[in-house]
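Everything below concerns the one structure shown next.
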Amino acid sequence: MKVFRALKFLFFLFICLSVGILQTGTSSGQAADVVVLRGATVIDGLGNPPLRDAVVVIEGDEITSVSGGGSDIPVGATVLDLTGRFIIPGLIDSHVHWSNWMGEIYINHGVTSLLAQANVSKEERLDSQTSLSTPRIFHTGGRPRLSPSMSREEVRKAIEAYLKNEPDVAWFLQLRESNKEVFRWGAEEAHRAGLAVFSHTQDAAAAIDAGMDVAEHVWGFSFPLMTTQELEDFKKGRFLHWASYLVPGKQLDDVIREAVAREVYLNPTLVYEWGSLSPKALEREQEGYLLLSNPDLSYFPEDLAGMLLLRHRQIKGYSSRYEHLPLVAQLSDGDLETFQGAKRNVQRLVHRYVELGGKIIAGTDAAAVAIPGLAMHHEMELLVEAGLTPMQALQAGTSWAADMFAGFQGARGNQKVGSIQAGNFADLLVLEANPLEDIANTKKIERVMKGGKFIEFGYHPEFFTFESPPFVSMSVPEPEISSIFPHKIVEGTGSFEMVIEGAGFVGNSVVKADGISLKTTFESPRELKAVIPAEMLERAVPDRFRSPGPDQYVGIFGDRSLAITVFNPPPTGGMSDSVSLIVQAKWHIE
């Protein structure tokens with residue numbers, strides 16, 4: 001009897017195991033790549049209330065459902081418990097001067113899609129869809145070849161040729177009075193192809209009327225508010241900043257309302273122009289330094305790294321009294337307050353734009369002016385500093401940018417990025433803390449998923465090798481000396497002040513005499529002053545113009561001289577040409 005019961009039990013166990021194997025095989029056949037993220041709070045990027053204790057079902061590279069706790073979980077799915085975590089969509093940088101060495105640094109910071117201001121090859125774009133080491137690349141296809149002299153038919157043909165590059169967004173030349181008609185014709189053709197038009201402009205209202213759909217930067221809203229004389233004075237460098245004229249009022253409100261009515265997106269690039277005036281500028285510089293000092297990120301161009309760190313201390317200025325990017329620490333109190341006031345004007349505009357129903361898109365203008373990847377988080381922080389809610393800042397970095405990819409009046413349809421919803425790509429970030437409490441929490445990334453797969457964090461020195469260093473737009477120029485005054489002095493003269501004229505001088509330029517740094521006063525980008533100490537004159541080289549021989553008084557064939565140079569500190573900068581200060585012998589003068 002016992003033997004029978006034992007055999008009966010073994011037979012029952014065999015049947016159960018067989019059924020289990022069949023069930024497992026069936027479920028894996030139906031849901032081979034099914035992953036379930038359970039327990040986290042989902043912030044979908046669309047502005048909906050957070051969904052707590054969520055169940056996100058992912059099959060292959062797409063999200064198939066997003067629901068509340070208690071929802072059914074597919075049999076055989078891989079389940080990841082993320083209780084206490086927060087899930088947001090993968091970020092979208094909507095303004096990137098792209099090069100493929102940036103891939104790892106973007107994806108490590110949770111930027112899973114970007115708009116490249118470039119004509120990226122089809123092969124690279126296709127590869128970016130599945131690669132776990134680079135974001136999905138949307139591109140502008142370069143720029144269409146448009147010129148003011150073109151006829152309408154020539155414009156049509158130019159756009160037709162441009163469309164062969166398969167742009168996702170049309171990137172147009174800056175609108176000016178001379179090309180307004182050509183811009184309009186080109187925009188009509190781009191719209192007919194379903195593309196949104198992305199452009200700089202000096203006059204936002206005119207550009208919007210001509211068909212611009214994405215305003216690149218804010219300055220186009222400012223110039224129309226200036227009088228003719230103010231605009232002329234600004235162009236001549238008599239004022240510190242255009243944003244001083246961006247004053248709230250009906251005229252500005254009318255332009256914003258028209259932009260919002262036309263569904264124009266605003267790409268303010270705050271990190272580029274205003275990051276150095278933020279109370280958190282030093283903190284962000286330290287974050288950048290920590291990132292760029294990672295030895296595994298050895299392929300990051302050294303000159304560019306230094307320049308981008310310096311940007312946290314520079315402000316973009318327009319007065320002829322300063323170089324283009326003066327150091328904030330060297331501004332006078334009055335000028336600093338003028339810049340702060342200009343920044344507040346920009347912040348008010350950005351806040352008002354969203355308040356009236358407009359959409360801001362977060363773009364960084366990397367890598368020339370901001371650190372790829374990291375700058376996206378800084379841009380969202382600056383949007384919150386401007387008055388947006390953390391939810392709105394997240395939308396600017398996700399779904400609002402995705403709406404731009406949908407094209408003119410949505411003609412291109414959902415591109416499946418920028419929000420956590422069924423049918424979209426499973427591009428998302430798992431955060432350790434709530435970004436709606438503090439937008440800086442978007443940097444507390446526990447995991448990054450792209451196309452249903454988690455990436456491997458970290459950098460690889462072999463990821464990219466430059467054939468030649470990339471061009472770096474100088475944040476600090478190399479100085480040049482054209483003259484010094486006085487250029488000649490008599491030995492025995494006491495300390496005196498020298499005026500150095502030239503070009504490329506900056507607020508922290510240093511005048512050197514025979515390589516020794518002198519106390520330097522910055523007067524303008526073309527003039528420095530320095531005190532030459534009396535003892536320095538004793539260092540003047542005696543008659544370096546003659547061959548060795550019996551001693552004579554200096555001055556028979558050549559006076560003594562000191563080499564005067566100007567040094568601009570790194571990351572770019574460098575040493576100027578050398579100009580000689582002549583030190584004449586007293587006996588020779590007599």
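Just remember, in the structure tokens the first chain shown is A, the second B, etc., residues are 1-based per chain, and ligands are 1-based in the order shown.
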
**Request:** Excluding region 137-150 of chain A and any residue of its chain fewer than 4 positions from it, enumerate the residues within 7 Å of it, using only C-alpha atoms, and give them as JSON, numbers by chain.
**Result:** {"A": [113, 114, 115, 116, 117, 118, 119, 120, 125, 128, 154, 155, 158, 159, 162, 165, 166, 167, 168, 169, 170, 171, 172, 178, 179, 182]}

**Message:** Can you tell me which residues surround Thr520 (chain A) at a distance of at most 8 Å, considering only C-alpha atoms, apart from same-chain residues fewer than 4 positions away, and format the answer as a list in words?
**Reply:** Ser509, Val510, Val511, Leu528, Lys529, Ala530 and Val531 of chain A

Take the residues that were just selected and, keeping N, CA and C atoms, output them as a CSV table (one decimal), in the first residue's frame.
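part.csv was written with the following content:
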```
chain,number,residue,atom,x,y,z
A,509,SER,N,43.2,89.2,-17.7
A,509,SER,CA,44.5,89.3,-18.4
A,509,SER,C,45.6,89.7,-17.5
A,510,VAL,N,46.8,89.2,-17.7
A,510,VAL,CA,47.9,89.6,-16.9
A,510,VAL,C,49.0,90.1,-17.8
A,511,VAL,N,49.5,91.3,-17.5
A,511,VAL,CA,50.7,91.9,-18.1
A,511,VAL,C,51.9,91.3,-17.5
A,528,LEU,N,44.8,97.7,-21.5
A,528,LEU,CA,45.2,97.3,-20.1
A,528,LEU,C,46.1,98.4,-19.5
A,529,LYS,N,46.2,98.4,-18.2
A,529,LYS,CA,47.2,99.2,-17.6
A,529,LYS,C,48.0,98.3,-16.6
A,530,ALA,N,49.3,98.6,-16.4
A,530,ALA,CA,50.1,97.9,-15.5
A,530,ALA,C,51.2,98.8,-14.9
A,531,VAL,N,51.5,98.5,-13.7
A,531,VAL,CA,52.6,99.3,-13.0
A,531,VAL,C,53.9,98.6,-13.2
```

**Prompt:** Do you know which residues are at most 7 Å from Arg560 (chain A) counting only C-alpha atoms, after dropping those on the same chain fewer than 4 positions away, and could you put them as number ranges by chain?
**Reply:** A: 540-543, 582-584

**Item:** Selected residue of minimal separation from Lys122 (chain A) among A:Lys164, A:His200, A:Lys519, A:Arg238, counting only C-alpha atoms
**Value:** A:Lys164

Using DSSP secondary structure from the backbone, list all alpha helix (DSSP H) positions within region 355-584 of chain A, as a compact mmCIF listing (two decimals) with N, CA and C atoms, in the first residue's frame.
```txt
# COMPACT_ATOMS: atom_id res chain seq x y z
N GLU A 355 2.46 80.31 -18.54
CA GLU A 355 1.23 80.77 -17.89
C GLU A 355 0.13 81.02 -18.92
N LEU A 374 24.58 66.33 -18.62
CA LEU A 374 24.44 67.01 -17.32
C LEU A 374 23.70 68.33 -17.47
N ALA A 375 23.95 69.04 -18.56
CA ALA A 375 23.32 70.35 -18.75
C ALA A 375 21.80 70.26 -18.88
N MET A 376 21.28 69.10 -19.31
CA MET A 376 19.82 68.96 -19.40
C MET A 376 19.18 69.08 -18.02
N HIS A 377 19.81 68.50 -17.03
CA HIS A 377 19.30 68.60 -15.65
C HIS A 377 19.43 70.04 -15.15
N HIS A 378 20.53 70.68 -15.50
CA HIS A 378 20.71 72.08 -15.10
C HIS A 378 19.68 72.98 -15.78
N GLU A 379 19.37 72.70 -17.04
CA GLU A 379 18.38 73.51 -17.75
C GLU A 379 17.02 73.40 -17.07
N MET A 380 16.62 72.20 -16.67
CA MET A 380 15.34 72.04 -15.99
C MET A 380 15.34 72.75 -14.63
N GLU A 381 16.47 72.72 -13.95
CA GLU A 381 16.58 73.45 -12.68
C GLU A 381 16.40 74.95 -12.90
N LEU A 382 17.00 75.46 -13.96
CA LEU A 382 16.89 76.89 -14.26
C LEU A 382 15.48 77.27 -14.69
N LEU A 383 14.78 76.35 -15.32
CA LEU A 383 13.37 76.61 -15.66
C LEU A 383 12.53 76.74 -14.39
N VAL A 384 12.84 75.92 -13.39
CA VAL A 384 12.13 76.04 -12.11
C VAL A 384 12.50 77.35 -11.43
N GLU A 385 13.78 77.73 -11.50
CA GLU A 385 14.18 79.03 -10.94
C GLU A 385 13.44 80.18 -11.64
N PRO A 390 8.07 72.09 -11.05
CA PRO A 390 8.87 70.93 -11.45
C PRO A 390 8.17 70.07 -12.51
N MET A 391 6.84 69.95 -12.42
CA MET A 391 6.09 69.18 -13.42
C MET A 391 6.25 69.81 -14.81
N GLN A 392 6.13 71.15 -14.89
CA GLN A 392 6.28 71.83 -16.16
C GLN A 392 7.71 71.72 -16.70
N ALA A 393 8.69 71.80 -15.80
CA ALA A 393 10.07 71.65 -16.23
C ALA A 393 10.32 70.25 -16.80
N LEU A 394 9.70 69.23 -16.17
CA LEU A 394 9.81 67.87 -16.69
C LEU A 394 9.16 67.75 -18.06
N GLN A 395 8.01 68.38 -18.23
CA GLN A 395 7.35 68.35 -19.53
C GLN A 395 8.23 69.01 -20.60
N ALA A 396 8.92 70.09 -20.21
CA ALA A 396 9.81 70.78 -21.15
C ALA A 396 10.94 69.86 -21.60
N SER A 399 7.74 65.52 -22.82
CA SER A 399 6.62 65.44 -23.77
C SER A 399 6.48 66.67 -24.65
N TRP A 400 6.82 67.87 -24.15
CA TRP A 400 6.68 69.05 -25.01
C TRP A 400 7.69 68.99 -26.15
N ALA A 401 8.88 68.51 -25.87
CA ALA A 401 9.86 68.33 -26.95
C ALA A 401 9.39 67.26 -27.93
N ALA A 402 8.78 66.20 -27.39
CA ALA A 402 8.26 65.15 -28.26
C ALA A 402 7.14 65.69 -29.16
N ASP A 403 6.35 66.62 -28.64
CA ASP A 403 5.30 67.23 -29.46
C ASP A 403 5.90 67.96 -30.66
N MET A 404 7.08 68.58 -30.47
CA MET A 404 7.75 69.25 -31.58
C MET A 404 8.12 68.23 -32.66
N PHE A 405 8.57 67.04 -32.25
CA PHE A 405 8.92 66.01 -33.21
C PHE A 405 7.69 65.54 -34.00
N ALA A 534 60.15 100.04 -10.20
CA ALA A 534 61.48 100.57 -10.49
C ALA A 534 62.53 99.46 -10.56
N GLU A 535 62.40 98.48 -9.66
CA GLU A 535 63.41 97.42 -9.63
C GLU A 535 63.35 96.54 -10.89
N MET A 536 62.18 96.54 -11.56
CA MET A 536 62.06 95.75 -12.77
C MET A 536 62.97 96.29 -13.88
N LEU A 537 63.21 97.62 -13.86
CA LEU A 537 64.05 98.21 -14.90
C LEU A 537 65.48 97.71 -14.83
```

**Prompt:** Just how far from CA of Ala563 (chain A) is CA of Ile500 (chain A), in Å to one decimal?
**Reply:** 12.6 Å

**Glu467 (chain A) surroundings by only C-alpha atoms, 12 Å radius, close-in-sequence under 3 positions cut, as number ranges by chain** = A: 101, 299, 464, 470

Any chance you can output those residues with N, CA, C and O atoms as a PDB file, in the first residue's frame?
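Here's the written file selection.pdb:
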```
ATOM      1  N   TRP A 101      30.842  61.451 -30.398  1.00  0.00           N
ATOM      2  CA  TRP A 101      31.600  61.165 -29.180  1.00  0.00           C
ATOM      3  C   TRP A 101      30.772  61.450 -27.922  1.00  0.00           C
ATOM      4  O   TRP A 101      31.146  61.050 -26.816  1.00  0.00           O
ATOM      5  N   TYR A 299      38.295  60.614 -23.311  1.00  0.00           N
ATOM      6  CA  TYR A 299      38.156  61.129 -24.675  1.00  0.00           C
ATOM      7  C   TYR A 299      37.460  62.487 -24.735  1.00  0.00           C
ATOM      8  O   TYR A 299      37.378  63.088 -25.801  1.00  0.00           O
ATOM      9  N   PHE A 464      35.481  56.339 -27.974  1.00  0.00           N
ATOM     10  CA  PHE A 464      35.687  57.222 -29.120  1.00  0.00           C
ATOM     11  C   PHE A 464      37.149  57.656 -29.184  1.00  0.00           C
ATOM     12  O   PHE A 464      37.765  57.933 -28.157  1.00  0.00           O
ATOM     13  N   PRO A 470      38.261  68.377 -31.952  1.00  0.00           N
ATOM     14  CA  PRO A 470      37.135  69.163 -32.443  1.00  0.00           C
ATOM     15  C   PRO A 470      37.418  70.654 -32.315  1.00  0.00           C
ATOM     16  O   PRO A 470      38.230  71.078 -31.491  1.00  0.00           O
TER      17      PRO A 470
END
```

**Message:** Need the shell around Pro525 (chain A): protein/DNA/RNA residues with any atom at most 12 Å away, counting only C-alpha atoms. Skip same-chain ones fewer than 6 positions apart. Format as a list in words?
**Reply:** Tyr318, Ser319, Ser320, Arg321, Tyr322, Glu323, His324, Leu325, Pro326, Val476, Pro477, Glu478, Pro479, Glu480, Ile481, Ile500, Glu501, Gly502, Ala503, Gly504, Phe505, Val506, Gly507, Asn508, Ser509 and Asn568 of chain A

**Request:** For Val346 (chain A), list every protein, DNA or RNA residue within 12 Å, evaluated using only C-alpha atoms, and leave out those in the same chain fewer than 5 positions away; present the list as a ChimeraX atom specification.
**Result:** /A:217-222,241-248,252,266,268-270,273-274,339-341,351-353,382-383,385-387

**Message:** With only C-alpha atoms as the counted atoms, please give the residues lying no more than 6 Å from Gly397 (chain A), apart from itself and same-chain residues fewer than 3 positions off, as a ChimeraX atom specification.
**Reply:** /A:91-92,362,394

Kindly save the residues from that selection, with C-alpha atoms included, as an mmCIF file, in the first residue's frame.
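Output contents, as saved in part09.cif:
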```cif
data_model
loop_
_atom_site.group_PDB
_atom_site.id
_atom_site.type_symbol
_atom_site.label_atom_id
_atom_site.label_comp_id
_atom_site.auth_asym_id
_atom_site.auth_seq_id
_atom_site.Cartn_x
_atom_site.Cartn_y
_atom_site.Cartn_z
ATOM 1 C CA LEU A 91 14.847 63.054 -21.271
ATOM 2 C CA ILE A 92 15.010 64.860 -24.629
ATOM 3 C CA ALA A 362 14.477 72.278 -22.758
ATOM 4 C CA LEU A 394 9.810 67.869 -16.690
#
```

**Asked** Where in region 29-268 of chain A does DSSP assign strand (DSSP E), given as number ranges by chain?
**Response** A: 34-38, 41-42, 55-59, 62-67, 78-81, 86-89, 91-96, 111-116, 136-139, 170-175, 197-201, 214-216, 265-267

**Fill in**
From the list A:Val271, A:Leu225, A:Val36, A:Ile208, the nearest residue to Lys250 (chain A) using only C-alpha atoms is A:Leu225
